[in-house]
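So this block is model_15.cif, mmCIF, C-alpha atoms (C1' of nucleotides):
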data_data
loop_
_atom_site.label_atom_id
_atom_site.label_comp_id
_atom_site.auth_asym_id
_atom_site.auth_seq_id
_atom_site.Cartn_x
_atom_site.Cartn_y
_atom_site.Cartn_z
CA MET A 22 101.94 119.89 17.04
CA ASN A 23 104.43 117.27 16.00
CA ASP A 24 106.05 116.77 12.65
CA LEU A 25 103.52 114.31 11.34
CA ASN A 26 102.84 116.48 8.37
CA THR A 27 106.51 116.82 7.58
CA GLU A 28 106.94 113.11 7.79
CA LEU A 29 103.98 112.43 5.58
CA SER A 30 104.90 114.89 2.87
CA ASP A 31 108.39 113.51 3.10
CA LEU A 32 107.30 109.97 2.39
CA ARG A 33 104.95 110.95 -0.43
CA LEU A 34 102.96 107.81 0.06
CA GLY A 35 99.79 109.42 -1.16
CA GLU A 36 101.10 110.61 -4.45
CA ARG A 37 102.56 107.27 -5.40
CA LEU A 38 99.61 105.27 -4.21
CA ARG A 39 97.26 107.39 -6.26
CA ILE A 40 99.36 106.99 -9.37
CA LEU A 41 99.50 103.22 -8.99
CA ARG A 42 95.83 102.94 -8.19
CA GLU A 43 94.74 104.98 -11.17
CA ARG A 44 97.17 103.17 -13.40
CA ALA A 45 95.38 99.98 -12.43
CA GLY A 46 92.06 101.52 -13.33
CA LEU A 47 90.69 101.15 -9.82
CA SER A 48 88.54 103.58 -7.88
CA GLN A 49 89.25 104.14 -4.21
CA ARG A 50 86.30 101.98 -3.32
CA ALA A 51 87.20 99.23 -5.77
CA LEU A 52 90.72 99.04 -4.39
CA ALA A 53 89.41 99.24 -0.85
CA LYS A 54 87.23 96.22 -1.45
CA ARG A 55 90.10 94.16 -2.80
CA ALA A 56 92.39 95.27 0.00
CA ASN A 57 89.94 94.70 2.83
CA VAL A 58 90.24 98.33 3.80
CA THR A 59 87.70 101.09 3.68
CA ASN A 60 87.64 103.75 1.03
CA ALA A 61 88.16 106.38 3.69
CA THR A 62 91.51 104.89 4.51
CA ILE A 63 92.66 105.10 0.94
CA SER A 64 91.36 108.60 0.60
CA LEU A 65 93.21 109.76 3.69
CA VAL A 66 96.43 108.04 2.74
CA GLU A 67 96.37 109.50 -0.73
CA ALA A 68 95.75 112.93 0.74
CA ASP A 69 98.75 112.48 3.05
CA LYS A 70 96.46 112.92 6.01
CA MET A 71 97.26 109.56 7.53
CA ASN A 72 100.38 107.55 8.21
CA PRO A 73 99.25 103.99 7.55
CA SER A 74 100.67 100.98 9.32
CA VAL A 75 102.91 98.74 7.32
CA GLY A 76 100.30 96.03 7.41
CA ALA A 77 97.60 98.31 6.10
CA LEU A 78 99.80 99.59 3.34
CA ARG A 79 100.65 96.08 2.34
CA ARG A 80 97.01 95.07 2.17
CA ILE A 81 96.34 98.06 -0.03
CA LEU A 82 99.27 97.32 -2.33
CA ASP A 83 98.27 93.68 -2.56
CA GLY A 84 95.03 94.87 -4.09
CA ILE A 85 96.76 96.60 -6.98
CA PRO A 86 98.95 94.41 -6.86
CA VAL A 87 102.37 95.90 -6.11
CA SER A 88 104.96 94.65 -3.65
CA LEU A 89 106.26 96.83 -0.87
CA SER A 90 109.71 96.64 -2.36
CA GLU A 91 108.47 97.90 -5.68
CA PHE A 92 106.45 100.59 -4.01
CA PHE A 93 109.48 101.99 -2.25
CA ALA A 94 111.82 101.41 -5.16
CA PHE A 95 111.80 105.08 -6.07
CA GLU A 96 112.36 106.20 -2.54
CA PRO A 97 115.51 108.28 -2.49
CA GLU A 98 118.22 106.25 -0.81
CA PRO A 99 119.26 107.49 2.58
CA GLU A 100 122.14 109.57 1.34
CA GLN A 101 125.23 107.41 1.43
CA VAL A 102 127.02 108.09 4.65
CA ILE A 103 130.49 109.37 3.92
CA PHE A 104 131.57 110.85 7.21
CA TYR A 105 131.17 109.13 10.54
CA GLN A 106 131.34 111.12 13.73
CA ALA A 107 133.15 109.28 16.47
CA SER A 108 130.40 109.96 18.98
CA ASP A 109 127.87 108.43 16.63
CA LEU A 110 129.76 105.20 16.11
CA PRO A 111 128.17 102.40 18.08
CA GLU A 112 130.54 100.48 20.25
CA ILE A 113 130.50 96.76 19.70
CA GLY A 114 132.26 94.08 21.62
CA LYS A 115 132.25 93.61 25.30
CA GLY A 116 134.59 93.97 28.18
CA LYS A 117 138.16 94.58 27.24
CA LEU A 118 137.57 94.50 23.51
CA SER A 119 135.88 97.51 21.95
CA LEU A 120 135.00 97.73 18.26
CA LYS A 121 133.71 100.61 16.17
CA ARG A 122 132.54 99.71 12.73
CA ILE A 123 132.68 102.09 9.80
CA GLY A 124 130.69 101.55 6.66
CA ASN A 125 129.05 98.47 8.02
CA SER A 126 125.63 97.23 7.18
CA GLN A 127 125.59 99.30 4.04
CA PHE A 128 124.38 97.21 1.19
CA GLY A 129 126.69 97.29 -1.73
CA ARG A 130 129.77 98.00 0.29
CA ALA A 131 132.69 95.73 -0.34
CA MET A 132 134.22 95.79 3.10
CA THR A 133 134.04 96.89 6.70
CA ILE A 134 136.51 99.10 8.52
CA LEU A 135 137.03 98.53 12.22
CA HIS A 136 138.50 100.76 14.88
CA GLU A 137 139.54 98.26 17.53
CA ARG A 138 140.70 98.92 21.07
CA TYR A 139 142.13 96.11 23.21
CA GLU A 140 142.32 96.92 26.90
CA PRO A 141 145.04 95.22 28.92
CA GLY A 142 144.23 91.55 29.15
CA ALA A 143 141.96 91.60 26.13
CA ASP A 144 141.88 88.39 24.13
CA THR A 145 139.64 87.21 21.33
CA GLY A 146 139.84 83.81 22.95
CA ARG A 147 141.27 80.39 22.43
CA VAL A 148 138.46 79.40 20.10
CA MET A 149 139.91 80.99 17.03
CA TYR A 150 137.78 82.83 14.54
CA ARG A 151 137.29 81.57 11.02
CA HIS A 152 135.22 83.19 8.31
CA GLU A 153 135.18 83.88 4.61
CA GLY A 154 137.15 86.80 3.22
CA GLU A 155 140.41 88.52 3.91
CA GLU A 156 141.48 90.97 6.56
CA GLY A 157 144.36 93.23 7.39
CA GLY A 158 145.25 96.14 9.63
CA ILE A 159 147.80 98.41 11.23
CA VAL A 160 148.63 98.81 14.87
CA ILE A 161 148.29 102.41 16.03
CA SER A 162 149.45 102.12 19.60
CA GLY A 163 150.23 99.44 22.15
CA ARG A 164 151.30 95.90 21.43
CA ILE A 165 149.34 92.85 20.33
CA GLU A 166 150.05 89.19 19.77
CA ILE A 167 148.45 87.84 16.64
CA THR A 168 148.14 84.17 15.87
CA VAL A 169 147.23 83.03 12.38
CA GLY A 170 147.26 79.32 11.77
CA GLU A 171 150.66 78.18 13.00
CA GLU A 172 152.22 81.64 12.80
CA ARG A 173 152.51 83.87 15.84
CA ARG A 174 153.91 87.37 16.09
CA ILE A 175 153.83 90.37 18.39
CA LEU A 176 153.19 93.66 16.66
CA GLY A 177 153.73 97.23 17.82
CA PRO A 178 152.86 100.70 16.52
CA GLY A 179 153.31 100.95 12.79
CA ASP A 180 153.29 97.18 12.27
CA GLY A 181 150.66 95.63 10.06
CA TYR A 182 149.12 92.28 9.08
CA TYR A 183 147.09 90.76 6.30
CA PHE A 184 145.77 87.22 6.00
CA ASP A 185 143.03 84.97 4.70
CA SER A 186 140.21 84.99 7.20
CA ARG A 187 139.55 81.31 6.67
CA LYS A 188 142.69 80.56 8.61
CA PRO A 189 141.93 80.37 12.32
CA HIS A 190 143.17 83.52 14.04
CA ARG A 191 143.40 85.06 17.48
CA PHE A 192 144.28 88.50 18.85
CA ARG A 193 145.69 89.00 22.34
CA GLN A 194 146.77 92.29 23.85
CA VAL A 195 150.17 92.31 25.54
CA GLY A 196 152.02 94.89 27.61
CA PRO A 197 150.83 97.56 30.00
CA GLU A 198 149.04 99.94 27.67
CA PRO A 199 145.88 99.34 25.58
CA CYS A 200 146.36 98.41 21.96
CA VAL A 201 144.58 100.28 19.20
CA ILE A 202 144.24 98.83 15.72
CA VAL A 203 142.53 99.95 12.54
CA SER A 204 141.57 97.04 10.37
CA ALA A 205 139.52 96.10 7.36
CA CYS A 206 137.85 92.90 6.33
CA THR A 207 136.13 91.80 3.17
CA PRO A 208 133.40 90.96 2.60
CA PRO A 209 131.65 92.70 5.49
CA THR A 210 131.34 90.25 8.34
CA PHE A 211 128.26 90.38 10.47
CA MET K 17 90.08 88.63 17.69
CA ASN K 18 91.21 89.94 14.37
CA ASP K 19 94.04 88.72 12.22
CA LEU K 20 96.60 91.16 13.51
CA ASN K 21 98.82 88.32 14.56
CA THR K 22 98.53 86.63 11.23
CA GLU K 23 99.37 89.83 9.47
CA LEU K 24 102.37 90.48 11.66
CA SER K 25 103.86 87.03 11.41
CA ASP K 26 103.19 87.24 7.73
CA LEU K 27 105.20 90.41 7.32
CA ARG K 28 108.07 89.19 9.50
CA LEU K 29 109.12 92.73 10.18
CA GLY K 30 110.54 91.86 13.55
CA GLU K 31 112.86 89.15 12.40
CA ARG K 32 114.42 91.24 9.69
CA LEU K 33 114.68 94.35 11.77
CA ARG K 34 116.48 92.45 14.48
CA ILE K 35 118.94 90.98 12.01
CA LEU K 36 119.72 94.35 10.50
CA ARG K 37 120.00 96.07 13.86
CA GLU K 38 122.36 93.48 15.27
CA ARG K 39 124.38 93.45 12.10
CA ALA K 40 124.91 97.16 12.63
CA GLY K 41 126.08 96.49 16.15
CA LEU K 42 123.33 98.60 17.67
CA SER K 43 121.35 97.90 20.82
CA GLN K 44 117.63 98.58 20.84
CA ARG K 45 118.23 101.71 22.84
CA ALA K 46 121.08 102.91 20.66
CA LEU K 47 118.98 102.50 17.54
CA ALA K 48 116.00 104.07 19.23
CA LYS K 49 118.01 107.16 20.02
CA ARG K 50 119.19 107.54 16.44
CA ALA K 51 115.72 106.93 15.11
CA ASN K 52 113.86 109.24 17.49
CA VAL K 53 111.79 106.35 18.70
CA THR K 54 111.64 104.70 22.08
CA ASN K 55 113.31 101.41 22.80
CA ALA K 56 109.92 99.95 23.66
CA THR K 57 108.78 100.52 20.10
CA ILE K 58 111.72 98.63 18.69
CA SER K 59 111.28 95.86 21.18
CA LEU K 60 107.62 95.44 20.30
CA VAL K 61 108.22 95.58 16.58
CA GLU K 62 110.96 92.98 16.77
CA ALA K 63 108.69 90.76 18.82
CA ASP K 64 105.97 91.11 16.16
CA LYS K 65 103.69 92.57 18.79
CA MET K 66 103.13 95.81 16.97
CA ASN K 67 102.36 96.86 13.45
CA PRO K 68 104.36 100.07 13.06
CA SER K 69 103.30 102.93 10.86
CA VAL K 70 105.27 103.41 7.69
CA GLY K 71 106.69 106.63 9.05
CA ALA K 72 107.87 104.98 12.24
CA LEU K 73 109.46 102.12 10.37
CA ARG K 74 111.24 104.55 8.14
CA ARG K 75 112.63 106.49 11.06
CA ILE K 76 113.89 103.26 12.54
CA LEU K 77 115.48 102.13 9.31
CA ASP K 78 117.07 105.52 8.80
CA GLY K 79 118.92 104.93 12.02
CA ILE K 80 120.62 101.79 10.75
CA PRO K 81 120.63 103.03 7.92
CA VAL K 82 118.64 100.96 5.45
CA SER K 83 116.14 102.20 2.91
CA LEU K 84 112.58 100.94 2.88
CA SER K 85 113.16 99.46 -0.52
CA GLU K 86 116.13 97.46 0.69
CA PHE K 87 114.24 96.40 3.77
CA PHE K 88 111.43 94.93 1.73
CA ALA K 89 113.69 93.60 -1.00
CA PHE K 90 113.44 90.08 0.34
CA GLU K 91 109.71 90.27 0.76
CA PRO K 92 108.20 87.42 -1.21
CA GLU K 93 106.61 88.94 -4.27
CA PRO K 94 102.86 88.85 -4.23
CA GLU K 95 102.62 85.55 -6.05
CA GLN K 96 102.57 86.37 -9.70
CA VAL K 97 98.98 86.45 -10.74
CA ILE K 98 98.41 83.90 -13.45
CA PHE K 99 94.66 83.56 -13.56
CA TYR K 100 92.28 86.47 -13.54
CA GLN K 101 88.66 85.96 -12.67
CA ALA K 102 86.34 88.04 -14.80
CA SER K 103 84.43 89.30 -11.79
CA ASP K 104 87.66 90.54 -10.27
CA LEU K 105 88.75 92.52 -13.27
CA PRO K 106 88.21 96.23 -12.74
CA GLU K 107 86.31 97.93 -15.47
CA ILE K 108 88.06 100.94 -16.87
CA GLY K 109 86.81 103.43 -19.35
CA LYS K 110 83.55 105.26 -19.25
CA GLY K 111 80.28 105.30 -21.03
CA LYS K 112 80.22 103.27 -24.17
CA LEU K 113 83.80 102.09 -23.96
CA SER K 114 84.60 99.43 -21.37
CA LEU K 115 88.10 98.08 -20.78
CA LYS K 116 89.33 95.22 -18.67
CA ARG K 117 93.05 95.04 -18.23
CA ILE K 118 94.91 91.80 -17.70
CA GLY K 119 98.41 91.76 -16.33
CA ASN K 120 98.44 95.49 -15.97
CA SER K 121 100.52 97.43 -13.54
CA GLN K 122 102.71 94.44 -12.89
CA PHE K 123 106.28 95.58 -12.82
CA GLY K 124 108.44 93.49 -15.06
CA ARG K 125 105.69 92.61 -17.41
CA ALA K 126 106.35 93.33 -21.01
CA MET K 127 102.81 94.09 -22.06
CA THR K 128 99.20 94.62 -21.14
CA ILE K 129 96.26 92.63 -22.40
CA LEU K 130 92.94 94.39 -22.81
CA HIS K 131 89.44 93.03 -23.08
CA GLU K 132 87.60 95.87 -24.78
CA ARG K 133 83.90 96.31 -25.34
CA TYR K 134 82.57 99.09 -27.54
CA GLU K 135 78.86 99.77 -27.14
CA PRO K 136 76.99 101.14 -30.15
CA GLY K 137 78.21 104.67 -30.77
CA ALA K 138 81.46 104.16 -28.90
CA ASP K 139 84.38 106.19 -30.20
CA THR K 140 87.83 106.84 -28.79
CA GLY K 141 87.44 110.32 -30.14
CA ARG K 142 88.76 112.61 -32.78
CA VAL K 143 91.82 113.45 -30.72
CA MET K 144 93.78 110.44 -31.71
CA TYR K 145 95.93 108.57 -29.25
CA ARG K 146 99.70 108.41 -29.56
CA HIS K 147 102.09 106.61 -27.26
CA GLU K 148 105.26 104.56 -27.25
CA GLY K 149 105.14 100.88 -28.05
CA GLU K 150 103.20 98.62 -30.35
CA GLU K 151 99.74 97.20 -30.20
CA GLY K 152 97.60 94.62 -31.91
CA GLY K 153 94.37 92.72 -31.43
CA ILE K 154 91.58 90.59 -32.79
CA VAL K 155 87.92 91.38 -33.13
CA ILE K 156 85.71 88.86 -31.34
CA SER K 157 82.30 90.12 -32.24
CA GLY K 158 80.69 93.16 -33.78
CA ARG K 159 82.32 95.58 -36.17
CA ILE K 160 84.75 98.43 -35.66
CA GLU K 161 86.35 101.13 -37.74
CA ILE K 162 90.01 101.57 -37.01
CA THR K 163 92.01 104.54 -38.22
CA VAL K 164 95.80 104.45 -38.04
CA GLY K 165 97.61 107.39 -39.56
CA GLU K 166 96.15 107.73 -43.01
CA GLU K 167 94.83 104.17 -43.14
CA ARG K 168 91.22 103.35 -42.32
CA ARG K 169 89.51 99.99 -42.24
CA ILE K 170 86.42 98.34 -40.86
CA LEU K 171 87.05 95.02 -39.12
CA GLY K 172 84.66 92.24 -38.17
CA PRO K 173 84.86 89.03 -36.14
CA GLY K 174 88.15 87.21 -36.70
CA ASP K 175 89.86 90.26 -38.20
CA GLY K 176 93.00 91.57 -36.56
CA TYR K 177 95.34 94.58 -36.51
CA TYR K 178 98.84 95.46 -35.45
CA PHE K 179 100.59 98.84 -35.59
CA ASP K 180 103.12 101.15 -34.04
CA SER K 181 101.42 103.04 -31.25
CA ARG K 182 103.27 106.21 -32.09
CA LYS K 183 101.06 106.56 -35.11
CA PRO K 184 97.89 108.45 -34.23
CA HIS K 185 94.98 106.02 -34.01
CA ARG K 186 91.26 105.95 -33.39
CA PHE K 187 88.68 103.24 -32.78
CA ARG K 188 84.98 103.71 -33.61
CA GLN K 189 82.28 101.13 -33.22
CA VAL K 190 79.98 100.63 -36.22
CA GLY K 191 76.86 98.59 -36.80
CA PRO K 192 73.99 97.63 -34.51
CA GLU K 193 75.71 95.26 -32.11
CA PRO K 194 78.48 96.00 -29.59
CA CYS K 195 82.03 95.24 -30.67
CA VAL K 196 84.32 93.15 -28.53
CA ILE K 197 88.07 93.14 -29.04
CA VAL K 198 90.97 91.48 -27.29
CA SER K 199 94.15 93.45 -27.70
CA ALA K 200 97.67 93.76 -26.41
CA CYS K 201 100.04 96.67 -26.18
CA THR K 202 103.68 96.97 -25.26
CA PRO K 203 105.08 98.38 -23.14
CA PRO K 204 102.24 98.67 -20.63
CA THR K 205 100.56 101.98 -21.13
CA PHE K 206 99.37 103.87 -18.11
"C1'" DT E 21 64.68 117.96 -14.73
"C1'" DC E 22 65.12 114.26 -11.82
"C1'" DA E 23 66.66 109.80 -9.85
"C1'" DG E 24 70.29 106.75 -9.43
"C1'" DA E 25 75.01 105.32 -9.22
"C1'" DC E 26 79.25 106.67 -9.09
"C1'" DT E 27 83.31 109.59 -7.61
"C1'" DG E 28 86.41 111.45 -3.62
"C1'" DT E 29 86.11 113.90 0.91
"C1'" DT E 30 85.16 114.52 5.78
"C1'" DA E 31 83.43 113.97 11.00
"C1'" DA E 32 83.11 110.93 15.07
"C1'" DC E 33 84.41 106.97 17.41
"C1'" DG E 34 86.62 102.48 18.85
"C1'" DA E 35 91.01 99.95 18.15
"C1'" DT E 36 95.78 100.29 17.94
"C1'" DC E 37 100.15 102.49 17.96
"C1'" DA E 38 104.03 104.77 20.28
"C1'" DT E 39 105.44 106.56 24.52
"C1'" DG E 40 107.37 106.90 29.37
"C1'" DA E 41 108.46 104.36 33.27
"C1'" DA E 42 109.02 100.51 35.42
"C1'" DC E 43 110.93 95.53 35.72
"C1'" DG E 44 114.34 91.43 36.08
"C1'" DA E 45 118.55 89.59 34.10
"C1'" DC E 46 123.17 90.05 32.97
"C1'" DC E 47 127.87 91.85 33.11
"C1'" DT E 48 131.85 94.82 35.08
"C1'" DA E 49 134.34 97.10 38.36
"C1'" DA E 50 135.13 98.25 43.08
"C1'" DT R 1 129.10 91.23 47.85
"C1'" DT R 2 127.54 95.65 46.26
"C1'" DA R 3 126.79 99.43 43.16
"C1'" DG R 4 126.39 100.93 38.60
"C1'" DG R 5 125.82 100.08 33.96
"C1'" DT R 6 123.66 97.76 30.05
"C1'" DC R 7 120.53 94.64 27.93
"C1'" DG R 8 115.58 93.40 26.29
"C1'" DT R 9 110.77 93.08 28.08
"C1'" DT R 10 106.29 94.63 29.90
"C1'" DC R 11 102.50 97.79 31.57
"C1'" DA R 12 99.48 102.06 31.54
"C1'" DT R 13 98.37 106.10 29.03
"C1'" DG R 14 97.79 109.81 25.39
"C1'" DA R 15 98.13 110.16 20.30
"C1'" DT R 16 96.94 108.26 16.02
"C1'" DC R 17 95.07 104.95 12.93
"C1'" DG R 18 91.25 102.79 10.51
"C1'" DT R 19 86.29 102.32 10.45
"C1'" DT R 20 81.45 103.64 9.99
"C1'" DA R 21 78.49 106.80 8.13
"C1'" DA R 22 77.46 110.72 6.30
"C1'" DC R 23 78.39 114.52 2.69
"C1'" DA R 24 78.76 117.20 -1.90
"C1'" DG R 25 79.98 116.84 -6.77
"C1'" DT R 26 79.78 114.53 -11.38
"C1'" DC R 27 77.96 111.71 -14.89
"C1'" DT R 28 74.21 108.64 -17.21
"C1'" DG R 29 70.01 107.61 -18.57
"C1'" DA R 30 64.94 108.17 -18.07
#
In structure tokens, what does this structure look like?
Amino acid sequence: MNDLNTELSDLRLGERLRILRERAGLSQRALAKRANVTNATISLVEADKMNPSVGALRRILDGIPVSLSEFFAFEPEPEQVIFYQASDLPEIGKGKLSLKRIGNSQFGRAMTILHERYEPGADTGRVMYRHEGEEGGIVISGRIEITVGEERRILGPGDGYYFDSRKPHRFRQVGPEPCVIVSACTPPTF
Amino acid sequence: MNDLNTELSDLRLGERLRILRERAGLSQRALAKRANVTNATISLVEADKMNPSVGALRRILDGIPVSLSEFFAFEPEPEQVIFYQASDLPEIGKGKLSLKRIGNSQFGRAMTILHERYEPGADTGRVMYRHEGEEGGIVISGRIEITVGEERRILGPGDGYYFDSRKPHRFRQVGPEPCVIVSACTPPTF
DNA sequence: TCAGACTGTTAACGATCATGAACGACCTAA
DNA sequence: TTAGGTCGTTCATGATCGTTAACAGTCTGA
């Protein structure tokens, strides 16, 4: 016994489909005909006894017609994540540069927070980044050389920076110990 | 050979899922772990080689996290229906009262058009309807007795009406031939 | 009362999903 | 170079979907 039932009752597909279908004045069979699905399918979905494929659901909704987006509009949002557990944060970047993003990929968020770790020798490269927005940060530990446009500076613990991301920029770790930075950029970069 | 491939490429689930996943900095396996799905599932979905169930897609999206509504937000709307073929219009109502709704159940529409046909003896009943909005119409053929609040009138071809739906109202066919009316009400009643 | 047409539900079965385990490719460190 | 790690892909199999076909219940009209 898996949690199919839990999942189904959680989605409440059936309830909403039935409401929309009846609102349109369609019987299960009438809708089935329009949707190129059988009435049994609609019956089972409405009874929360089946977990339809996305394609099947779309065909059904097309028969009403209602878009998938509209259909799920009343779906409770996945509760806004407020707290991020370190072990859950995916590690981005490769090699000597490790990034952990906080608040990323959340629609409607104005910025992205990064927890960056530069191992000795780490370097964002000669090809300098450029993108829309602004970014800033504070060095937590270690030392890093930051180049922004024509400016170059080496920062240590407690030091900070802030610049327009459209200026070409480059980060390069210096010294024997890794450098840790917490930064933010806006709007969220991908 | 069915049209599974057509359906899948039509939905473009894979493309969007991949974009969202990568934007979140997650590998297929990392996302799979969060979503309680296997990496193979994500791989196949992204390659448009599988039509996931709604439940599975939701689990995957929860791992990003993105709501179903957001995920389908960019789905092209089912092209706004402009022309309705009579044979396609579902017939609502029972017995002597037949209704055909035009533009119903379309989110974002301001009103519903009804093609009503009252067979001899048809009557919306003594329990008079009341609902939000306004409604009006024109009699095409036959004769009908309309009661709105304290007002009562018998209308024939070419006659029209318009009133606030919150007033109790009742329609009753009179005469030997069926009565056909085209009406509109706002906002769409369910 | 009966036949007919409709409603939504349910059982059995073939098609498909979702899984677990393998694969080759790539990178990193030793 | 090798070993170990990750990446995304692919194959075989059990679980589930979606269909076909039947079912009982309701309503209409004869």
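What the PyMOL selection byres ((chain K) within 12 of (chain E)) picks from this file is Met17, Asn18, Leu20, Asn52, Val53, Thr54, Asn55, Ala56, Thr57, Ile58, Ser59, Leu60, Val61, Lys65, Met66, Asn67, Pro68, Ser69, Val70, Gly71, Ala72, Leu73 and Lys110 of chain K.
Against the coordinates shown, the PyMOL selection byres ((chain K and resi 135-138) around 6) returns Lys112, Leu113, Tyr134, Asp139, Arg188, Gln189 and Pro194 of chain K.
Distance-wise, CA of Ser186 in chain A and CA of Thr168 in chain A end up 11.8 Å apart.
Our summary of the geometry notes that CA of Glu38 in chain K is positioned 23.1 Å from CA of His190 in chain A.
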Q. Just how far from CA of Gly84 in chain A is CA of Gly152 in chain K, in Å to one decimal?
A. 27.9 Å
Q: Please determine the contact residues of chain R with respect to chain K at a cut-off of 8 Å, counting only C-alpha atoms (C1' of nucleotides), and supply them as a PyMOL selection string.
A: chain R and resi 7-9+28
Q. Selected by the PyMOL selection byres ((chain A and resi 177) around 9) in the shown coordinates: which residues, as an NGL selection string?
A. :A and (159-165 or 175-176 or 178-181 or 200)
Size and centre in Å, one decimal, axis-aligned box, all listed range 32-41 of chain A atoms plus 5 Å per side, as JSON:
{"center_x": 102.3, "center_y": 107.1, "center_z": -3.5, "size_x": 20.0, "size_y": 17.7, "size_z": 21.8}
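With distances restricted to all atoms listed in the file, A:Arg44 is the closest residue to chain K from A:Arg55, A:Arg37, A:Arg44, A:Lys188.
In terms of minimum interatomic distance to chain A, K:Ala40 ranks closest within K:Glu167, K:Pro192, K:Tyr178, K:Ala40, counting all atoms listed in the file.
Nearest to chain K of all the residues A:Arg80, A:Arg187, A:Arg39, A:Arg174 is A:Arg80, based on all atoms listed in the file.
Compared by their closest atoms to chain K, and using all atoms listed in the file, the residues A:Glu36, A:Glu166, A:Asp69, A:Glu91 rank with A:Glu91 nearest.
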